[in-house]
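S.K.: Just passing along the structure, written as structure tokens.
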Amino acid sequence: MKKQGFNPYLPSWEYIPDGEPYVFNDRVYVYGSHDRFNGYVYCLNDYVCWSAPSRDLTDWRYEGVIYQKTDDPFNPDGAMCLYAPDVTVGPDGRYYLFYVLDKVSVVSVAVCDTPAGKYKFYGYVHYPDGTRLGDRAGDQPQFDPGVLTEGQKTYLYTGFCAPGDTSRNGAMLTVLGPDMLTVREGPVFAAPSQPYSQGTGFEGHEFFEAPSIRKKGDTYYFVYSSAVMHELCYATSKSPMTGFTYGGVIVSNNDLHIDTYKPASMPIYYGGNNHGSIIEINGKWYIFYHRHTNGTNFSRQGCAEEIKILEDGSIPQAEITSCGLNGGPLRGYGEYPAYIACHLYMKEESLYTDFTSAWMNNQFPKITQDGRDGDEEIGYIANMKDSATAGFKYFDCRGVRKVKIKVRGYCRGAFEVKTSWNGPVLGSIPVVYTNIWKEYSADIAIPDGIQSLYFTYTGGGSAGFASFTLE
């Protein structure tokens, strides 16, 4: 039986946000920062890489550590973290890794002969006189490099612009020469920050961070995280240098704006910052992004959805799903882990995963795991309190007559099963206190067809939710 693809697309114990996907030699490589399970800040771990055959996006392979935080001369003791990187193939055919450390404002570069071999420090992006980009008087801080190489030029997009910060104008573009280090043109501004967006068309979706650049035909797609953080937006131009026009939202990690199955203003997952890009794989286009887990901002996981680029170049917003790279709905039978939930919420709405006392007191459900960072423990949902709902989409259901769930925890109540967030309850599965994972079942008929599945806990205490089975 062919393996299926889920979101997150990597194992549930891996935390790779800020994903930049590329196809090299018929394999898809994803480069990102590396969060730690139960981490206390962003990007605590070294860079690793995962790859998959371009014709089987379910078969991901761990390529190992490709760059350590101590490899940068600025960071011999590892006190600084490796923030979101990007990779491009230089004019010499080698692979160049661009990144910024978390306490400096300059761009570092490492190089390797292969896509996922061990990268070696190469140098810092600098002006012809040797002054590092970001160090010259008047330079704005560098952050989140996104790169595209065409011929002898490499276009480097950078920037971080918090809403209300008038000291930062927007996303910066700098052109590098063939040595991949020396500034030839710029920096100039490619997209405005919030204080400078009036009359630009970017209002309400101004540049915040996470610049990424791709090209389709003669059109450049500038992908970025907007000032509201949870969405990845795009702007287009016929030039990589100027004239970018706001296009729209590609994906939101709480599915805001989507109104096909819920009100557009209703968050359906606990959102947060977002970072990723688009990629064409075997004639189909995808958006890679990340979600937040463990009830914090610091344990993020990579997800992906198929998108459409229409004839006019526009990209309709994609729904977040559990099936992601699967190429269609999941099979409507068998056991599925609860960590692939694309929807997670309670009757009290929250746009964001944040640091409020409610999160610290574990009042909201969260996707988490047992063990420590690096332990290959299968994820599950914790803190399923009264009204907590986990949603999964989509499944091709045929003849489902029984639903089983695996639950543990100090709870006494039931899990209601529905096929839409506000639909009728198809059946209920009672659960009771238990310290170990225990299976419960009920005869529940799921209508035939492509369905979403929602599990809502009602009752006292707090349940852990490991998996469900359709029979």
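Identifiers for the structure tokens are assigned positionally: chains receive A, B, ... in sequence, residues are indexed from 1 per chain, and ligands are indexed from 1 in the order shown.
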According to DSSP computed on the backbone, where in range 219-457 of chain A is there strand (DSSP E)? Give the residues as an MDAnalysis selection string.

M.R.: chainID A and resid 219:226 231:237 245:252 277:281 284:292 300:307 330:331 334:337 343:345 366:368 380:384 389:397 402:409 411:418 427:431 434:443 449:457

S.K.: Just the residues within 9 Å of Glu335 in chain A, please, counting only C-alpha atoms, with nothing from its chain fewer than 3 positions along; format it as a ChimeraX atom specification.

M.R.: /A:404-405,467-471

S.K.: Please provide the set of residues having any atom within 12 Å of range 55-64 of chain A, restricted to only C-alpha atoms, with same-chain residues fewer than 6 positions apart removed, written as a PDB file with C-alpha atoms, in the first residue's frame.

M.R.:
```
ATOM      1  CA  LYS A   2       1.414   3.379  -0.998  1.00  0.00           C
ATOM      2  CA  LYS A   3       2.533   5.534   1.887  1.00  0.00           C
ATOM      3  CA  GLN A   4       0.389   8.604   2.478  1.00  0.00           C
ATOM      4  CA  GLY A   5       1.480  12.190   2.974  1.00  0.00           C
ATOM      5  CA  PHE A   6       0.463  14.253   6.000  1.00  0.00           C
ATOM      6  CA  ASN A   7       0.938  17.666   7.533  1.00  0.00           C
ATOM      7  CA  PRO A   8       3.414  18.083   9.043  1.00  0.00           C
ATOM      8  CA  TYR A   9       5.273  16.395   6.203  1.00  0.00           C
ATOM      9  CA  LEU A  10       8.297  15.478   8.356  1.00  0.00           C
ATOM     10  CA  PRO A  11       8.171  13.151  11.385  1.00  0.00           C
ATOM     11  CA  GLU A  14      11.052  17.110  13.940  1.00  0.00           C
ATOM     12  CA  ILE A  16      11.871  22.610  10.926  1.00  0.00           C
ATOM     13  CA  PRO A  21      12.062  24.187  -0.774  1.00  0.00           C
ATOM     14  CA  VAL A  23      14.361  20.797  -6.547  1.00  0.00           C
ATOM     15  CA  ASN A  25      18.659  16.640  -9.366  1.00  0.00           C
ATOM     16  CA  ASP A  26      15.103  15.267  -9.107  1.00  0.00           C
ATOM     17  CA  ARG A  27      15.002  15.568  -5.325  1.00  0.00           C
ATOM     18  CA  VAL A  28      13.165  18.139  -3.222  1.00  0.00           C
ATOM     19  CA  TYR A  29      15.378  19.658  -0.521  1.00  0.00           C
ATOM     20  CA  VAL A  30      13.953  21.735   2.320  1.00  0.00           C
ATOM     21  CA  TYR A  31      16.177  24.185   4.161  1.00  0.00           C
ATOM     22  CA  ASP A  46      21.892  23.427  14.174  1.00  0.00           C
ATOM     23  CA  TYR A  47      20.793  23.400  10.536  1.00  0.00           C
ATOM     24  CA  VAL A  48      19.695  20.025   9.206  1.00  0.00           C
ATOM     25  CA  CYS A  49      18.258  19.088   5.831  1.00  0.00           C
ATOM     26  CA  THR A 114      26.401  19.256  -2.934  1.00  0.00           C
ATOM     27  CA  PRO A 115      22.888  20.282  -1.821  1.00  0.00           C
ATOM     28  CA  ALA A 116      23.033  18.628   1.594  1.00  0.00           C
ATOM     29  CA  GLY A 117      26.684  17.974   2.279  1.00  0.00           C
ATOM     30  CA  LYS A 118      28.470  19.734   5.112  1.00  0.00           C
ATOM     31  CA  TYR A 119      28.571  23.450   4.387  1.00  0.00           C
ATOM     32  CA  GLU A 280       6.996  23.850  -8.640  1.00  0.00           C
ATOM     33  CA  ILE A 281       7.348  20.067  -8.413  1.00  0.00           C
ATOM     34  CA  ASN A 282       6.432  17.936 -11.431  1.00  0.00           C
ATOM     35  CA  GLY A 283       4.148  20.590 -12.885  1.00  0.00           C
ATOM     36  CA  LYS A 284       2.309  21.333  -9.630  1.00  0.00           C
ATOM     37  CA  TYR A 286       3.038  24.155  -3.560  1.00  0.00           C
ATOM     38  CA  ALA A 304       2.768  22.325   2.798  1.00  0.00           C
ATOM     39  CA  GLU A 305      -0.286  22.709   0.572  1.00  0.00           C
ATOM     40  CA  GLU A 306      -0.860  22.475  -3.150  1.00  0.00           C
ATOM     41  CA  CYS A 323      -3.292  15.778   3.739  1.00  0.00           C
ATOM     42  CA  GLY A 324      -0.875  18.443   2.445  1.00  0.00           C
ATOM     43  CA  LEU A 325       1.478  16.783  -0.062  1.00  0.00           C
ATOM     44  CA  ASN A 326      -0.636  13.625  -0.402  1.00  0.00           C
ATOM     45  CA  GLY A 327      -2.015  14.657  -3.781  1.00  0.00           C
TER      46      GLY A 327
END
```

S.K.: Would you kindly return, as an NGL selection string, each protein, DNA or RNA residue with an atom no farther than 7 Å from any atom of Val251 in chain A, considering only C-alpha atoms and excluding same-chain residues fewer than 5 positions away?

M.R.: :A and (231-232 or 317-319)

S.K.: List the spatial neighbours of Tyr433 in chain A as a PyMOL selection string - criterion: any atom at most 7 Å away, only C-alpha atoms, same-chain residues fewer than 5 positions off excluded.

M.R.: chain A and resi 409-412

S.K.: Keeping N, CA and C atoms, export the residues of the selection given above as a PDB file, in the first residue's frame.

M.R.:
```
ATOM      1  N   GLY A 409      -5.550  10.281  30.287  1.00  0.00           N
ATOM      2  CA  GLY A 409      -5.634  11.497  31.079  1.00  0.00           C
ATOM      3  C   GLY A 409      -6.771  11.489  32.072  1.00  0.00           C
ATOM      4  N   TYR A 410      -6.796  12.516  32.909  1.00  0.00           N
ATOM      5  CA  TYR A 410      -7.833  12.656  33.922  1.00  0.00           C
ATOM      6  C   TYR A 410      -9.037  13.358  33.315  1.00  0.00           C
ATOM      7  N   CYS A 411      -9.869  12.561  32.701  1.00  0.00           N
ATOM      8  CA  CYS A 411     -11.032  13.087  31.996  1.00  0.00           C
ATOM      9  C   CYS A 411     -12.226  12.158  32.221  1.00  0.00           C
ATOM     10  N   ARG A 412     -13.386  12.751  32.150  1.00  0.00           N
ATOM     11  CA  ARG A 412     -14.613  11.965  32.191  1.00  0.00           C
ATOM     12  C   ARG A 412     -15.634  12.725  31.357  1.00  0.00           C
TER      13      ARG A 412
END
```

S.K.: Find, counting only C-alpha atoms, the residue in A:Ala52, A:Val109, A:Tyr42, A:Gln451 that gets nearest to Cys81 in chain A.

M.R.: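 Once distances to Cys81 in chain A are computed over only C-alpha atoms, the minimum belongs to A:Tyr42.
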
S.K.: Env of Ala227 in chain A: 12 Å cut, atoms = only C-alpha atoms, seq-sep filter 5 positions within chain, self excluded. Answer as a list of chain:residue names.

M.R.: A:Phe160, A:Cys161, A:Ala162, A:Pro163, A:Gly164, A:Asp165, A:Gly170, A:Pro192, A:Ser193, A:Gln194, A:Pro195, A:Ser197, A:Phe202, A:Glu203, A:Gly204, A:His205, A:Glu206, A:Phe207, A:Phe208, A:Glu209, A:Ala210, A:Leu232, A:Cys233, A:Gly272, A:Asn273, A:Asn274

S.K.: Near range 455-466 of chain A, within 7 Å and counting only C-alpha atoms, which residues show up once chain neighbours fewer than 3 positions away are dropped, as a short mmCIF file (atom, residue, chain, number, x, y, z; two decimals) with N, CA and C atoms, in the first residue's frame?

M.R.:
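For reference, result12.cif as written:
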```
data_model
loop_
_atom_site.label_atom_id
_atom_site.label_comp_id
_atom_site.auth_asym_id
_atom_site.auth_seq_id
_atom_site.Cartn_x
_atom_site.Cartn_y
_atom_site.Cartn_z
N PRO A 337 -2.78 9.32 13.28
CA PRO A 337 -2.32 10.00 14.49
C PRO A 337 -3.00 11.36 14.64
N ALA A 338 -3.28 11.74 15.86
CA ALA A 338 -3.98 13.00 16.12
C ALA A 338 -3.11 14.22 15.82
N TYR A 380 1.01 13.93 19.85
CA TYR A 380 -0.40 13.77 20.21
C TYR A 380 -0.94 15.14 20.61
N ILE A 381 -2.23 15.20 20.92
CA ILE A 381 -2.84 16.45 21.36
C ILE A 381 -3.09 16.36 22.85
N ALA A 382 -2.58 17.34 23.60
CA ALA A 382 -2.79 17.43 25.04
C ALA A 382 -3.81 18.54 25.34
N ASN A 383 -4.31 18.54 26.56
CA ASN A 383 -5.22 19.59 27.05
C ASN A 383 -6.53 19.66 26.29
N MET A 384 -7.08 18.50 25.95
CA MET A 384 -8.41 18.49 25.35
C MET A 384 -9.43 18.66 26.47
N LYS A 385 -9.74 19.93 26.77
CA LYS A 385 -10.73 20.26 27.80
C LYS A 385 -12.08 20.51 27.15
N ASP A 386 -13.07 20.76 27.96
CA ASP A 386 -14.44 20.92 27.45
C ASP A 386 -14.49 21.93 26.32
N SER A 387 -15.04 21.55 25.20
CA SER A 387 -15.21 22.29 23.94
C SER A 387 -13.99 22.24 23.03
N ALA A 388 -12.86 21.68 23.50
CA ALA A 388 -11.68 21.58 22.64
C ALA A 388 -11.99 20.69 21.45
N THR A 389 -11.60 21.16 20.27
CA THR A 389 -11.93 20.46 19.02
C THR A 389 -10.68 20.29 18.16
N ALA A 390 -10.50 19.07 17.68
CA ALA A 390 -9.44 18.77 16.72
C ALA A 390 -10.10 18.41 15.39
N GLY A 391 -9.68 19.10 14.33
CA GLY A 391 -10.25 18.86 13.01
C GLY A 391 -9.22 18.34 12.03
N LYS A 406 -7.93 6.77 20.66
CA LYS A 406 -7.01 6.45 21.75
C LYS A 406 -6.84 7.68 22.61
N VAL A 407 -7.13 7.54 23.90
CA VAL A 407 -7.18 8.67 24.82
C VAL A 407 -6.51 8.26 26.13
N ARG A 408 -5.92 9.24 26.82
CA ARG A 408 -5.45 9.04 28.19
C ARG A 408 -5.67 10.34 28.95
N GLY A 409 -5.55 10.28 30.29
CA GLY A 409 -5.63 11.50 31.08
C GLY A 409 -6.77 11.49 32.07
N TYR A 410 -6.80 12.52 32.91
CA TYR A 410 -7.83 12.66 33.92
C TYR A 410 -9.04 13.36 33.31
N CYS A 411 -9.87 12.56 32.70
CA CYS A 411 -11.03 13.09 32.00
C CYS A 411 -12.23 12.16 32.22
N ARG A 412 -13.39 12.75 32.15
CA ARG A 412 -14.61 11.97 32.19
C ARG A 412 -15.63 12.72 31.36
N GLY A 413 -15.93 12.18 30.20
CA GLY A 413 -16.82 12.86 29.28
C GLY A 413 -16.96 12.07 28.01
N ALA A 414 -16.95 12.76 26.86
CA ALA A 414 -17.13 12.07 25.58
C ALA A 414 -16.53 12.91 24.47
N PHE A 415 -16.15 12.23 23.41
CA PHE A 415 -15.71 12.89 22.18
C PHE A 415 -16.85 12.81 21.16
N GLU A 416 -17.34 13.95 20.76
CA GLU A 416 -18.36 14.03 19.71
C GLU A 416 -17.69 14.03 18.35
N VAL A 417 -18.30 13.35 17.40
CA VAL A 417 -17.75 13.24 16.05
C VAL A 417 -18.67 13.95 15.07
N LYS A 418 -18.09 14.83 14.26
CA LYS A 418 -18.84 15.59 13.25
C LYS A 418 -18.03 15.61 11.96
#
```

S.K.: To one decimal place, how far is CA of Trp50 in chain A from CA of Thr293 in chain A in Å?

M.R.: 19.8 Å

S.K.: Using only C-alpha atoms, which of the listed residues (A:Leu351, A:Ala341, A:Val175, A:Ile213) sits closest to Met266 in chain A?

M.R.: A:Leu351

S.K.: Using only C-alpha atoms, can you tell me which of A:Asp18, A:Asp375, A:Asp448, A:Asp354 comes closest to Thr419 in chain A?

M.R.: A:Asp448

S.K.: Work out how far CA of Asn45 in chain A is from CA of Met80 in chain A, in Å to one decimal.

M.R.: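 Taking CA of Met80 in chain A and CA of Asn45 in chain A, their separation equals 10.4 Å.
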
S.K.: I'd like the interatomic distance between CA of Leu44 in chain A and CA of Leu82 in chain A, to a tenth of an Å.

M.R.: 7.4 Å
